[in-house]
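Have a look at start-v5.cif; it's mmCIF, C-alpha atoms and all ligand atoms:
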```
data_model
loop_
_atom_site.label_atom_id
_atom_site.label_comp_id
_atom_site.auth_asym_id
_atom_site.auth_seq_id
_atom_site.Cartn_x
_atom_site.Cartn_y
_atom_site.Cartn_z
CA MET S 1 0.00 0.00 0.00
CA LEU S 2 1.19 3.54 -0.80
CA LYS S 3 0.27 6.05 1.89
CA ILE S 4 -0.54 9.62 0.95
CA GLY S 5 -0.41 12.78 3.07
CA ILE S 6 -2.32 15.75 1.66
CA ILE S 7 -1.18 19.25 2.59
CA GLY S 8 -4.19 21.50 2.02
CA VAL S 9 -7.48 19.62 2.16
CA GLY S 10 -9.77 22.02 0.28
CA THR S 11 -11.86 21.35 -2.83
CA VAL S 12 -9.14 19.46 -4.71
CA GLY S 13 -7.84 17.58 -1.65
CA THR S 14 -11.36 16.44 -0.80
CA SER S 15 -11.86 15.22 -4.37
CA VAL S 16 -8.55 13.32 -4.22
CA CYS S 17 -9.73 11.46 -1.08
CA LYS S 18 -13.16 10.78 -2.58
CA ILE S 19 -11.88 9.50 -5.95
CA LEU S 20 -9.24 7.27 -4.31
CA GLU S 21 -12.14 5.58 -2.51
CA GLU S 22 -14.76 5.61 -5.28
CA ASN S 23 -12.40 4.38 -8.03
CA LYS S 24 -10.27 2.19 -5.78
CA ASP S 25 -10.70 -0.91 -7.97
CA ILE S 26 -9.43 0.61 -11.20
CA ILE S 27 -6.74 2.71 -9.44
CA THR S 28 -5.35 -0.33 -7.60
CA ALA S 29 -5.37 -2.41 -10.77
CA ARG S 30 -3.62 0.31 -12.73
CA ALA S 31 -1.10 1.19 -10.03
CA GLY S 32 -0.44 -2.42 -9.00
CA VAL S 33 -0.85 -1.41 -5.37
CA GLU S 34 -3.52 0.29 -3.27
CA ILE S 35 -3.08 4.07 -2.95
CA LYS S 36 -4.59 5.37 0.26
CA ALA S 37 -4.95 8.92 1.59
CA VAL S 38 -4.23 8.61 5.30
CA SER S 39 -3.70 12.12 6.66
CA GLY S 40 -4.12 15.75 5.76
CA VAL S 41 -3.12 19.21 6.91
CA VAL S 42 -5.66 22.03 7.22
CA ASN S 43 -5.49 25.57 8.62
CA ASN S 44 -8.72 25.36 10.55
CA LEU S 45 -9.36 22.08 12.35
CA SER S 46 -12.82 23.13 13.54
CA LYS S 47 -14.17 23.53 9.97
CA LYS S 48 -16.24 20.48 9.00
CA ARG S 49 -14.83 18.57 6.02
CA ASP S 50 -16.18 15.71 3.95
CA VAL S 51 -13.16 13.41 4.37
CA SER S 52 -12.42 10.46 6.63
CA ILE S 53 -8.61 10.89 6.82
CA LYS S 54 -6.79 11.97 9.98
CA LEU S 55 -6.49 15.80 10.04
CA THR S 56 -3.85 17.97 11.69
CA ASP S 57 -2.90 21.64 11.51
CA ASN S 58 0.81 20.89 11.78
CA VAL S 59 2.62 20.18 8.53
CA ASP S 60 5.46 18.45 10.43
CA ASP S 61 3.03 15.69 11.41
CA ILE S 62 3.13 14.61 7.76
CA LEU S 63 6.73 15.52 6.95
CA ASN S 64 8.02 13.57 9.99
CA ASP S 65 5.72 10.59 9.50
CA ASP S 66 7.94 7.87 8.01
CA SER S 67 4.94 5.82 6.95
CA ILE S 68 3.86 8.50 4.43
CA ASP S 69 5.26 7.66 1.01
CA ILE S 70 3.93 10.55 -1.10
CA VAL S 71 3.14 14.14 -0.12
CA VAL S 72 0.42 15.86 -2.16
CA GLU S 73 0.89 19.65 -1.92
CA LEU S 74 -2.32 21.62 -2.49
CA MET S 75 -1.64 24.69 -0.34
CA GLY S 76 -1.40 27.50 -2.89
CA GLY S 77 1.07 30.37 -2.59
CA VAL S 78 4.78 30.26 -3.33
CA GLU S 79 7.27 30.49 -0.46
CA LYS S 80 5.46 28.40 2.19
CA PRO S 81 4.81 25.49 -0.18
CA TYR S 82 8.40 25.82 -1.45
CA ASP S 83 9.66 25.11 2.09
CA VAL S 84 7.25 22.24 2.56
CA VAL S 85 8.01 20.58 -0.80
CA LYS S 86 11.76 21.04 -0.29
CA LYS S 87 11.61 19.39 3.14
CA ALA S 88 9.47 16.52 1.83
CA LEU S 89 11.87 15.86 -1.07
CA GLU S 90 14.89 16.10 1.23
CA LYS S 91 13.31 13.42 3.39
CA GLY S 92 13.05 11.25 0.28
CA LYS S 93 9.27 11.48 -0.01
CA ALA S 94 7.81 11.68 -3.52
CA VAL S 95 5.79 14.86 -4.10
CA VAL S 96 2.78 15.65 -6.28
CA THR S 97 1.67 19.26 -6.54
CA ALA S 98 -1.01 21.24 -8.37
CA ASN S 99 0.73 24.51 -7.51
CA LYS S 100 1.47 26.46 -10.67
CA ALA S 101 2.73 29.61 -8.90
CA LEU S 102 5.28 27.54 -6.96
CA LEU S 103 6.56 25.99 -10.18
CA ALA S 104 6.57 29.29 -12.08
CA TYR S 105 9.20 30.51 -9.61
CA HIS S 106 11.01 27.45 -8.23
CA ARG S 107 10.77 24.61 -10.73
CA TYR S 108 14.51 24.46 -11.47
CA GLU S 109 15.59 24.53 -7.80
CA LEU S 110 13.01 21.88 -6.99
CA GLN S 111 14.14 19.73 -9.90
CA ASN S 112 17.69 19.79 -8.47
CA ILE S 113 16.50 19.01 -4.97
CA ALA S 114 14.28 16.17 -6.21
CA GLY S 115 17.05 14.42 -8.15
CA ASP S 116 15.74 10.91 -8.70
CA THR S 117 12.87 11.29 -6.23
CA ALA S 118 9.55 11.53 -8.05
CA PHE S 119 8.16 15.05 -8.29
CA GLU S 120 5.05 15.38 -10.45
CA TYR S 121 2.74 18.27 -11.27
CA GLU S 122 0.25 17.33 -14.02
CA ALA S 123 -2.60 19.24 -12.32
CA ALA S 124 -0.65 22.51 -12.30
CA VAL S 125 -1.38 23.28 -15.96
CA ALA S 126 -4.86 23.13 -17.47
CA GLY S 127 -6.30 21.07 -14.60
CA GLY S 128 -7.54 17.73 -15.87
CA ILE S 129 -5.95 17.95 -19.34
CA PRO S 130 -2.83 15.72 -19.48
CA ILE S 131 -0.76 18.39 -21.21
CA ILE S 132 2.41 17.84 -19.15
CA ASN S 133 2.30 14.18 -20.05
CA ALA S 134 1.74 15.05 -23.72
CA LEU S 135 4.69 17.45 -23.90
CA ARG S 136 7.10 15.53 -21.68
CA ASP S 137 6.42 12.07 -23.05
CA GLY S 138 4.01 11.81 -25.98
CA LEU S 139 5.64 14.56 -28.05
CA SER S 140 9.21 14.15 -26.81
CA ALA S 141 10.56 13.29 -30.29
CA ASN S 142 9.56 16.71 -31.61
CA HIS S 143 10.95 20.21 -31.64
CA ILE S 144 7.97 22.18 -30.40
CA VAL S 145 7.16 24.80 -33.01
CA SER S 146 4.47 26.50 -30.95
CA ILE S 147 2.09 26.22 -28.04
CA LYS S 148 -1.11 28.26 -27.92
CA GLY S 149 -3.22 27.73 -24.84
CA ILE S 150 -6.41 28.89 -23.23
CA MET S 151 -5.25 28.02 -19.73
CA ASN S 152 -7.34 30.24 -17.49
CA GLY S 153 -10.94 29.13 -17.18
CA THR S 154 -12.03 32.31 -15.40
CA CYS S 155 -10.95 34.58 -18.28
CA ASN S 156 -12.37 32.22 -20.88
CA TYR S 157 -15.68 32.07 -19.04
CA MET S 158 -15.78 35.86 -18.80
CA LEU S 159 -14.84 36.53 -22.43
CA THR S 160 -17.29 33.90 -23.70
CA LYS S 161 -20.15 35.46 -21.72
CA MET S 162 -19.15 38.97 -22.84
CA ILE S 163 -19.22 37.88 -26.51
CA ASN S 164 -22.22 35.55 -26.48
CA GLU S 165 -24.48 37.32 -24.00
CA GLY S 166 -23.16 40.89 -23.87
CA VAL S 167 -22.67 40.63 -20.09
CA GLU S 168 -20.57 43.44 -18.60
CA TYR S 169 -17.08 42.75 -17.21
CA GLU S 170 -17.75 43.44 -13.50
CA ALA S 171 -20.93 41.35 -13.35
CA ILE S 172 -19.32 38.40 -15.02
CA LEU S 173 -16.19 38.51 -12.83
CA LYS S 174 -18.43 38.33 -9.77
CA GLU S 175 -20.21 35.32 -11.28
CA ALA S 176 -16.90 33.54 -12.01
CA GLN S 177 -15.86 34.10 -8.39
CA GLU S 178 -19.16 32.75 -7.08
CA LEU S 179 -18.81 29.67 -9.28
CA GLY S 180 -15.41 29.02 -7.69
CA TYR S 181 -13.37 29.30 -10.90
CA ALA S 182 -11.32 32.34 -9.89
CA GLU S 183 -8.18 32.37 -7.75
CA ALA S 184 -8.44 33.71 -4.18
CA ASP S 185 -7.11 36.97 -5.63
CA PRO S 186 -8.82 37.21 -9.05
CA THR S 187 -6.14 39.63 -10.30
CA PHE S 188 -4.12 36.48 -10.93
CA ASP S 189 -6.80 35.40 -13.40
CA VAL S 190 -7.83 38.63 -15.13
CA GLY S 191 -4.30 40.06 -15.06
CA GLY S 192 -2.97 37.05 -17.01
CA PHE S 193 -0.57 35.90 -14.24
CA ASP S 194 -2.18 32.49 -13.69
CA ALA S 195 -1.96 31.75 -17.43
CA ALA S 196 1.65 33.00 -17.41
CA HIS S 197 2.59 30.62 -14.58
CA LYS S 198 1.21 27.75 -16.64
CA LEU S 199 2.91 28.90 -19.85
CA LEU S 200 6.29 29.09 -18.10
CA ILE S 201 5.93 25.51 -16.90
CA LEU S 202 5.12 24.32 -20.43
CA ALA S 203 7.99 26.39 -21.86
CA SER S 204 10.49 24.61 -19.61
CA ILE S 205 9.33 21.22 -20.82
CA ALA S 206 9.13 22.25 -24.47
CA TYR S 207 12.28 24.39 -24.68
CA GLY S 208 14.29 24.05 -21.48
CA ILE S 209 13.75 27.76 -20.77
CA ASP S 210 14.19 28.94 -17.19
CA ALA S 211 12.16 32.18 -17.18
CA LYS S 212 10.19 33.82 -14.39
CA PRO S 213 6.88 35.70 -14.75
CA GLU S 214 8.79 39.02 -14.61
CA ASP S 215 10.74 38.06 -17.74
CA ILE S 216 7.81 37.73 -20.13
CA LEU S 217 5.00 39.86 -21.56
CA ILE S 218 1.82 39.51 -19.51
CA GLU S 219 -1.31 41.48 -20.36
CA GLY S 220 -4.72 40.70 -18.89
CA ILE S 221 -8.30 41.23 -19.97
CA GLU S 222 -9.09 44.17 -17.65
CA ASN S 223 -9.25 46.76 -20.44
CA ILE S 224 -11.48 44.84 -22.84
CA SER S 225 -14.51 47.01 -23.62
CA SER S 226 -17.88 46.37 -25.23
CA GLU S 227 -16.54 48.16 -28.38
CA ASP S 228 -13.77 45.55 -28.66
CA ILE S 229 -16.34 42.79 -28.29
CA SER S 230 -18.54 44.26 -31.02
CA PHE S 231 -15.52 44.66 -33.33
CA ALA S 232 -14.65 40.99 -32.76
CA LYS S 233 -18.21 39.97 -33.62
CA GLU S 234 -18.42 42.21 -36.67
CA PHE S 235 -15.21 40.77 -38.17
CA ASP S 236 -15.89 37.14 -37.18
CA TYR S 237 -13.18 36.92 -34.55
CA SER S 238 -13.22 35.26 -31.19
CA LEU S 239 -11.48 36.99 -28.28
CA LYS S 240 -9.35 34.77 -26.04
CA LEU S 241 -6.65 35.17 -23.41
CA LEU S 242 -3.85 33.05 -24.87
CA GLY S 243 -0.54 31.87 -23.50
CA ILE S 244 1.72 31.69 -26.54
CA ALA S 245 5.15 30.08 -26.96
CA LYS S 246 6.71 30.14 -30.42
CA MET S 247 10.13 29.00 -31.53
CA ASN S 248 11.95 31.11 -34.14
CA ASN S 249 15.42 29.71 -34.86
CA GLU S 250 17.35 30.01 -31.57
CA GLU S 251 14.75 32.19 -29.86
CA VAL S 252 11.43 31.55 -28.16
CA GLU S 253 8.63 34.08 -27.81
CA LEU S 254 6.74 33.76 -24.55
CA ARG S 255 3.71 35.96 -24.07
CA VAL S 256 0.28 36.06 -22.46
CA HIS S 257 -2.28 38.55 -23.73
CA PRO S 258 -5.77 38.85 -25.21
CA VAL S 259 -5.88 37.75 -28.84
CA LEU S 260 -8.39 38.09 -31.66
CA ILE S 261 -8.52 34.75 -33.52
CA PRO S 262 -10.69 33.88 -36.53
CA ASN S 263 -13.78 31.93 -35.44
CA SER S 264 -12.84 29.18 -37.89
CA GLU S 265 -9.79 28.13 -35.80
CA MET S 266 -10.18 25.18 -33.44
CA ILE S 267 -8.96 27.03 -30.38
CA ALA S 268 -11.56 29.76 -31.00
CA LYS S 269 -14.22 27.16 -30.29
CA VAL S 270 -12.99 26.48 -26.74
CA ASP S 271 -15.67 28.32 -24.81
CA GLY S 272 -16.83 28.89 -21.27
CA VAL S 273 -14.69 27.68 -18.38
CA MET S 274 -13.02 25.01 -20.54
CA ASN S 275 -9.31 25.04 -21.37
CA GLY S 276 -7.71 24.16 -24.70
CA VAL S 277 -4.10 23.87 -25.80
CA SER S 278 -2.78 23.56 -29.35
CA VAL S 279 0.76 22.20 -29.66
CA ILE S 280 2.56 22.05 -33.00
CA GLY S 281 5.51 19.65 -33.18
CA ASP S 282 7.91 19.71 -36.13
CA LYS S 283 7.21 16.05 -36.89
CA VAL S 284 3.70 15.40 -35.57
CA GLY S 285 2.09 18.63 -36.82
CA GLU S 286 -0.74 20.19 -34.82
CA THR S 287 -2.18 18.37 -31.80
CA MET S 288 -5.02 19.77 -29.74
CA TYR S 289 -6.01 19.15 -26.11
CA TYR S 290 -9.36 20.15 -24.62
CA GLY S 291 -10.93 19.72 -21.21
CA ALA S 292 -11.69 21.07 -17.79
CA GLY S 293 -8.96 23.37 -16.50
CA ALA S 294 -10.36 23.80 -13.01
CA GLY S 295 -12.69 22.15 -10.52
CA GLY S 296 -12.14 19.60 -7.76
CA ASP S 297 -12.67 16.32 -9.60
CA ALA S 298 -10.93 17.33 -12.84
CA THR S 299 -7.86 18.57 -10.95
CA ALA S 300 -7.87 15.54 -8.65
CA SER S 301 -8.00 13.29 -11.74
CA ALA S 302 -4.58 14.70 -12.75
CA VAL S 303 -3.19 14.47 -9.20
CA ILE S 304 -4.17 10.80 -8.95
CA ALA S 305 -2.75 10.02 -12.41
CA ASN S 306 0.61 11.20 -11.01
CA LEU S 307 0.15 9.04 -7.90
CA ILE S 308 -0.51 6.01 -10.10
CA ASP S 309 2.52 6.82 -12.21
CA ILE S 310 4.75 7.01 -9.14
CA ALA S 311 3.30 3.75 -7.82
CA ARG S 312 4.12 2.04 -11.11
CA ALA S 313 7.56 3.44 -11.80
CA GLY S 314 8.92 4.20 -8.35
CA LYS S 315 10.61 7.24 -9.82
CA SER S 316 9.44 9.59 -12.54
CA SER S 317 10.86 10.86 -15.83
CA PRO S 318 13.18 13.88 -15.47
CA MET S 319 10.94 16.42 -13.78
CA LEU S 320 11.14 19.04 -16.55
CA GLY S 321 11.69 16.50 -19.31
CA PHE S 322 15.39 17.06 -20.07
CA LYS S 323 18.06 14.61 -18.89
CA LYS S 324 20.80 17.02 -19.99
CA PRO S 325 20.72 20.66 -21.10
CA LEU S 326 19.64 21.43 -24.65
CA GLU S 327 22.79 22.17 -26.65
CA SER S 328 21.21 24.87 -28.80
CA GLY S 329 20.50 26.87 -25.61
CA LEU S 330 17.26 28.56 -26.71
CA LYS S 331 16.87 32.16 -25.53
CA LEU S 332 13.87 34.38 -24.84
CA ALA S 333 13.01 36.50 -27.87
CA ASN S 334 12.85 40.29 -27.76
CA LEU S 335 9.14 40.89 -28.29
CA ASP S 336 9.71 44.26 -29.97
CA ASN S 337 10.63 42.21 -33.03
CA ILE S 338 7.48 40.12 -33.23
CA GLN S 339 5.30 40.68 -36.25
CA THR S 340 1.59 40.15 -36.25
CA LYS S 341 -1.62 41.98 -37.11
CA TYR S 342 -3.09 44.44 -34.65
CA TYR S 343 -6.46 45.82 -33.63
CA LEU S 344 -6.40 49.39 -32.29
CA ARG S 345 -9.15 51.32 -30.50
CA MET S 346 -8.76 55.06 -29.96
CA GLU S 347 -11.04 57.87 -28.96
CA VAL S 348 -10.65 60.98 -31.12
CA GLU S 349 -12.33 64.28 -31.83
CA ASP S 350 -14.91 63.85 -34.61
CA LYS S 351 -13.76 66.61 -36.95
CA THR S 352 -12.17 67.19 -40.34
CA GLY S 353 -8.57 66.02 -40.70
CA VAL S 354 -8.37 63.80 -37.59
CA LEU S 355 -8.59 60.54 -39.51
CA ALA S 356 -5.94 61.79 -41.94
CA LYS S 357 -3.59 62.53 -39.02
CA VAL S 358 -4.11 59.05 -37.55
CA ALA S 359 -3.44 57.45 -40.95
CA ALA S 360 -0.34 59.62 -41.46
CA ILE S 361 1.18 58.67 -38.07
CA LEU S 362 0.55 54.97 -38.68
CA GLY S 363 1.76 55.20 -42.31
CA ALA S 364 5.01 56.89 -41.24
CA LYS S 365 5.77 53.81 -39.12
CA ASN S 366 5.07 51.43 -42.02
CA ILE S 367 1.73 50.39 -40.52
CA SER S 368 -0.87 49.69 -43.15
CA ILE S 369 -4.56 49.86 -42.18
CA LYS S 370 -6.68 46.88 -43.21
CA THR S 371 -10.13 47.72 -41.83
CA MET S 372 -11.63 50.71 -40.07
CA VAL S 373 -14.91 51.35 -38.27
CA GLN S 374 -15.93 54.66 -36.70
CA LYS S 375 -18.49 54.69 -33.90
CA THR S 376 -19.79 57.93 -32.46
CA SER S 377 -19.82 57.86 -28.68
CA VAL S 378 -20.82 61.28 -27.43
CA GLU S 379 -21.51 64.23 -29.72
CA GLY S 380 -18.23 65.47 -31.18
CA ARG S 381 -16.22 62.39 -30.12
CA ALA S 382 -15.69 59.16 -32.01
CA ASN S 383 -14.17 55.75 -31.39
CA LEU S 384 -11.94 54.55 -34.20
CA LEU S 385 -11.61 50.78 -34.39
CA LEU S 386 -8.81 49.78 -36.76
CA SER S 387 -7.13 46.60 -37.79
CA THR S 388 -3.73 46.58 -39.45
CA HIS S 389 -1.88 44.39 -41.89
CA ARG S 390 1.13 42.51 -40.49
CA SER S 391 3.29 45.03 -38.62
CA LYS S 392 6.24 45.10 -36.23
CA GLU S 393 5.44 45.35 -32.51
CA LEU S 394 7.98 48.16 -31.97
CA ASP S 395 6.45 50.22 -34.82
CA ILE S 396 3.01 49.82 -33.25
CA LYS S 397 4.27 50.88 -29.82
CA ASN S 398 6.02 53.94 -31.30
CA ALA S 399 2.98 54.90 -33.36
CA LEU S 400 0.69 54.69 -30.32
CA GLU S 401 3.05 56.90 -28.33
CA GLU S 402 3.17 59.42 -31.14
CA LEU S 403 -0.63 59.50 -31.34
CA VAL S 404 -0.67 60.48 -27.68
CA GLN S 405 2.19 62.99 -27.94
CA SER S 406 0.66 64.74 -30.95
CA LYS S 407 -2.62 64.96 -28.97
CA VAL S 408 -4.61 63.26 -31.75
CA VAL S 409 -5.86 60.97 -28.97
CA ASP S 410 -6.32 61.77 -25.27
CA ASN S 411 -5.34 58.37 -23.89
CA LEU S 412 -3.08 55.57 -25.03
CA PRO S 413 -5.12 53.55 -27.56
CA THR S 414 -6.08 49.98 -26.70
CA MET S 415 -4.15 47.43 -28.74
CA ILE S 416 -5.06 43.74 -29.17
CA ARG S 417 -2.92 41.41 -31.25
CA ILE S 418 -4.59 39.40 -34.01
CA GLU S 419 -3.29 35.86 -34.57
CA ASP S 420 -4.44 34.38 -37.86
N1 LIG S 501 -8.25 30.16 -11.52
C1 LIG S 501 -7.83 29.11 -12.40
C2 LIG S 501 -8.66 29.21 -13.67
C3 LIG S 501 -8.03 27.77 -11.74
O1 LIG S 501 -9.60 30.01 -13.72
O2 LIG S 501 -8.36 28.52 -14.63
C4 LIG S 501 -7.28 26.65 -12.39
O3 LIG S 501 -5.90 26.83 -12.38
#
```
So that I can check it, write out the structure of this file as structure tokens.
Amino acid sequence: MLKIGIIGVGTVGTSVCKILEENKDIITARAGVEIKAVSGVVNNLSKKRDVSIKLTDNVDDILNDDSIDIVVELMGGVEKPYDVVKKALEKGKAVVTANKALLAYHRYELQNIAGDTAFEYEAAVAGGIPIINALRDGLSANHIVSIKGIMNGTCNYMLTKMINEGVEYEAILKEAQELGYAEADPTFDVGGFDAAHKLLILASIAYGIDAKPEDILIEGIENISSEDISFAKEFDYSLKLLGIAKMNNEEVELRVHPVLIPNSEMIAKVDGVMNGVSVIGDKVGETMYYGAGAGGDATASAVIANLIDIARAGKSSPMLGFKKPLESGLKLANLDNIQTKYYLRMEVEDKTGVLAKVAAILGAKNISIKTMVQKTSVEGRANLLLSTHRSKELDIKNALEELVQSKVVDNLPTMIRIED
């Protein structure tokens, strides 16, 4: 029998206990041994919980218990779980975590500490979707050309409702919180940080890149307006928060931001709280993964898959997929050089010559306008909604600054990248 100690018995921890019992027959047959949750750590011992394991509020009760074989870390946060996971690994206990923020910051240190001790984290990215397994094992013969993922269910739920039902941002954020999709601090969701944590984990497995959230472009969905939504609808685009990794020669672009994607693309059809990840390998071509990215049972499904894997193998594959460093030494790309199409929204005065000035500023930076819609907001003011042909990111940034400096616009225009 393999004995499990769960640190953090909340929604996911409770589901882990429940599924280990309910699906005991198939889990035991697949693992070759019974996997049993025996104890758990909680902050508040007086809160009633739907589990029959022994509970404590002292993490050392699990770390110092020699009968516990595997520690499941479900605490959330970064530094506290780092200490706990480090201690567990140092004591030779295998660890399974669902903690994406922990891995976004400490995955390389933890890989070193773990050595040959199993350390698994399938549930940390896209919940129940086995995307770590796919990248680390199933696609390991490929150079990964790109990864495009909808990896935050809260944002996807919000954007889907805004597009399909015209619900306003604040109302829909509240609903996502009530439904339990959002992080304790929803800024992590709407600010793009949660998706960035997940992207960084995938980028290490795909490219061996050791980057932190501070090193990459992260934009959230906080500034999306109803005008942007109506532009998307008018031009048959879907609006998604994507985590994007793309390899260009020796460089890798890593970025998280809202994206307009043609409705015909598969990833555009991933709606509501669901997650979806498209991975293109140089040999396999495009592969697509879809499923629940959050929720107790879906996340616990991934946690238990790792437990079964550890039971079978005793030790896992190299934690981040590489047994030795990649010789090409891929580097993070400078995003000023990326080229894509752009959507721009700017509020201007509705009078003769304004449009000509906007076009002149964009034209001087080699930015060619593809479509343009003008919507009158209040008398004498207008919203210009433009899309461009393929342009350079630095040229767009410079043009937007010049629009502000020349006082053609009052505020920095909103810019959303178009990926098609
Ligand atoms: N807050 C996250 C989401 C939970 O909305 O996807 C799963 O990581």
Practice problem: Find the residue from S:Glu349, S:Asp189, S:Asp60, S:Glu34 that sits nearest to ligand LIG 501 (chain S); use all atoms listed in the file when measuring. | Solution: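 Answer, going by the shortest atom-to-atom distance: S:Asp189.
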Practice problem: Step by step, measure atom-to-atom distances between ligand LIG 501 (chain S) and each residue using only C-alpha atoms and all ligand atoms, keep those at most 9 Å, then write them as JSON, numbers by chain. | Solution: {"S": [98, 99, 100, 123, 124, 125, 126, 127, 150, 151, 152, 153, 154, 155, 156, 157, 176, 180, 181, 182, 183, 184, 186, 188, 189, 190, 194, 195, 198, 273, 274, 275, 292, 293, 294, 295, 299]}
Could you name the residues that touch S:Ser230 at 10 Å or less, counting all atoms listed in the file, but leaving out those on the same chain fewer than 5 positions away, as a short mmCIF file (atom, residue, chain, number, x, y, z; two decimals) with C-alpha atoms, in the frame of the given file?
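After the write, selection-v1.cif holds the following:
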```cif
data_model
loop_
_atom_site.label_atom_id
_atom_site.label_comp_id
_atom_site.auth_asym_id
_atom_site.auth_seq_id
_atom_site.Cartn_x
_atom_site.Cartn_y
_atom_site.Cartn_z
CA MET S 162 -19.15 38.97 -22.84
CA ILE S 163 -19.22 37.88 -26.51
CA GLY S 166 -23.16 40.89 -23.87
CA SER S 225 -14.51 47.01 -23.62
CA PHE S 235 -15.21 40.77 -38.17
CA ASP S 236 -15.89 37.14 -37.18
CA TYR S 237 -13.18 36.92 -34.55
#
```
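Considering all atoms listed in the file, the residue among S:Tyr121, S:Tyr82, S:Phe322, S:Tyr108 positioned nearest to S:Ile310 is S:Tyr121.
Across the structure, atom CA of S:Ser406 and atom CA of S:Ala382 are spaced 17.3 Å apart.
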Residues near S:Leu326, anyone? I mean within 10 Å using only C-alpha atoms, not counting same-chain ones fewer than 6 positions away, as a compact mmCIF listing (two decimals) with C-alpha atoms, in the frame of the given file.
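selection-v8.txt, written as the output of this step:
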```txt
# COMPACT_ATOMS: atom_id res chain seq x y z
CA TYR S 207 12.28 24.39 -24.68
CA GLY S 208 14.29 24.05 -21.48
CA ILE S 209 13.75 27.76 -20.77
```
Quiz prompt | Nearest to S:Asp185 by atom-to-atom distance, counting all atoms listed in the file, from S:Gly77, S:Glu122, S:Gly115, S:Ala171 | solution =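 Selected residue with least distance to S:Asp185: S:Gly77.
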Practice problem: Counting all atoms listed in the file, figure out which residue out of S:Ala196, S:Ala359, S:Ile147, S:Ser67 gets nearest to S:Ile131. | Solution: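 Closest residue, counting all atoms listed in the file: S:Ile147.
Across the model, the gap from atom CA of S:Ala360 to atom CA of S:Arg390 is 17.2 Å.
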Practice problem: Find the spatial neighbours of S:Met372, counting all atoms listed in the file, within a cut-off of 8 Å - ignore same-chain residues fewer than 2 positions away - and output them as an NGL selection string. | Solution: :S and (369-370 or 374 or 384-387)
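From atom CA of S:Gly296 back to atom CA of S:Thr11, the distance works out to 5.2 Å.
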Residues of stretch 173-287 of chain S at most 10 Å from stretch 339-343 of chain S: nearest atom pair and distance in Å, only C-alpha atoms, as CSV:
```
residue,atom,partner,partner_atom,distance
S:Asp228,CA,S:Tyr343,CA,8.8
S:Phe231,CA,S:Tyr343,CA,9.1
S:Ala232,CA,S:Tyr343,CA,9.5
S:Val259,CA,S:Tyr342,CA,9.3
S:Leu260,CA,S:Tyr343,CA,8.2
```
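Comparing S:Val41, S:Ile53, S:Val72, S:Leu320 by their smallest distance to S:Arg136, the closest is S:Leu320 (using only C-alpha atoms).
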Quiz item: For S:Asn248, which of S:Lys331, S:His106, S:Lys80, S:Lys47 is the closest residue, counting only C-alpha atoms?
Solution: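 Of S:Lys331, S:His106, S:Lys80, S:Lys47, the one nearest S:Asn248, counting only C-alpha atoms, is S:Lys331.
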Quiz prompt | Residue neighbourhood S:Ala206, 10 Å, all atoms listed in the file, exclusion window fewer than 2 positions, as a PyMOL selection string | solution = chain S and resi 132+135-136+139-140+142-147+200-204+208-209+245+247+279+281+320-322
May I ask you to restore N, CA and C atoms in stretch 17-26 of chain S and write the result as a PDB file, in the frame of the given file?
```pdb
ATOM      1  N   CYS S  17      -9.337  12.501  -2.045  1.00  0.00           N
ATOM      2  CA  CYS S  17      -9.730  11.460  -1.080  1.00  0.00           C
ATOM      3  C   CYS S  17     -10.928  10.673  -1.613  1.00  0.00           C
ATOM      4  N   LYS S  18     -11.909  11.406  -2.123  1.00  0.00           N
ATOM      5  CA  LYS S  18     -13.160  10.780  -2.580  1.00  0.00           C
ATOM      6  C   LYS S  18     -12.898   9.848  -3.775  1.00  0.00           C
ATOM      7  N   ILE S  19     -12.115  10.319  -4.746  1.00  0.00           N
ATOM      8  CA  ILE S  19     -11.880   9.500  -5.950  1.00  0.00           C
ATOM      9  C   ILE S  19     -11.024   8.276  -5.619  1.00  0.00           C
ATOM     10  N   LEU S  20     -10.057   8.438  -4.701  1.00  0.00           N
ATOM     11  CA  LEU S  20      -9.240   7.270  -4.310  1.00  0.00           C
ATOM     12  C   LEU S  20     -10.127   6.169  -3.734  1.00  0.00           C
ATOM     13  N   GLU S  21     -11.196   6.575  -3.060  1.00  0.00           N
ATOM     14  CA  GLU S  21     -12.140   5.580  -2.510  1.00  0.00           C
ATOM     15  C   GLU S  21     -13.068   5.059  -3.609  1.00  0.00           C
ATOM     16  N   GLU S  22     -13.724   6.008  -4.310  1.00  0.00           N
ATOM     17  CA  GLU S  22     -14.760   5.610  -5.280  1.00  0.00           C
ATOM     18  C   GLU S  22     -14.203   4.758  -6.425  1.00  0.00           C
ATOM     19  N   ASN S  23     -12.988   5.101  -6.880  1.00  0.00           N
ATOM     20  CA  ASN S  23     -12.400   4.380  -8.030  1.00  0.00           C
ATOM     21  C   ASN S  23     -11.265   3.457  -7.603  1.00  0.00           C
ATOM     22  N   LYS S  24     -11.356   2.998  -6.354  1.00  0.00           N
ATOM     23  CA  LYS S  24     -10.270   2.190  -5.780  1.00  0.00           C
ATOM     24  C   LYS S  24      -9.921   0.971  -6.642  1.00  0.00           C
ATOM     25  N   ASP S  25     -10.962   0.314  -7.200  1.00  0.00           N
ATOM     26  CA  ASP S  25     -10.700  -0.910  -7.970  1.00  0.00           C
ATOM     27  C   ASP S  25      -9.794  -0.636  -9.177  1.00  0.00           C
ATOM     28  N   ILE S  26     -10.188   0.358  -9.963  1.00  0.00           N
ATOM     29  CA  ILE S  26      -9.430   0.610 -11.200  1.00  0.00           C
ATOM     30  C   ILE S  26      -8.059   1.222 -10.857  1.00  0.00           C
TER      31      ILE S  26
END
```
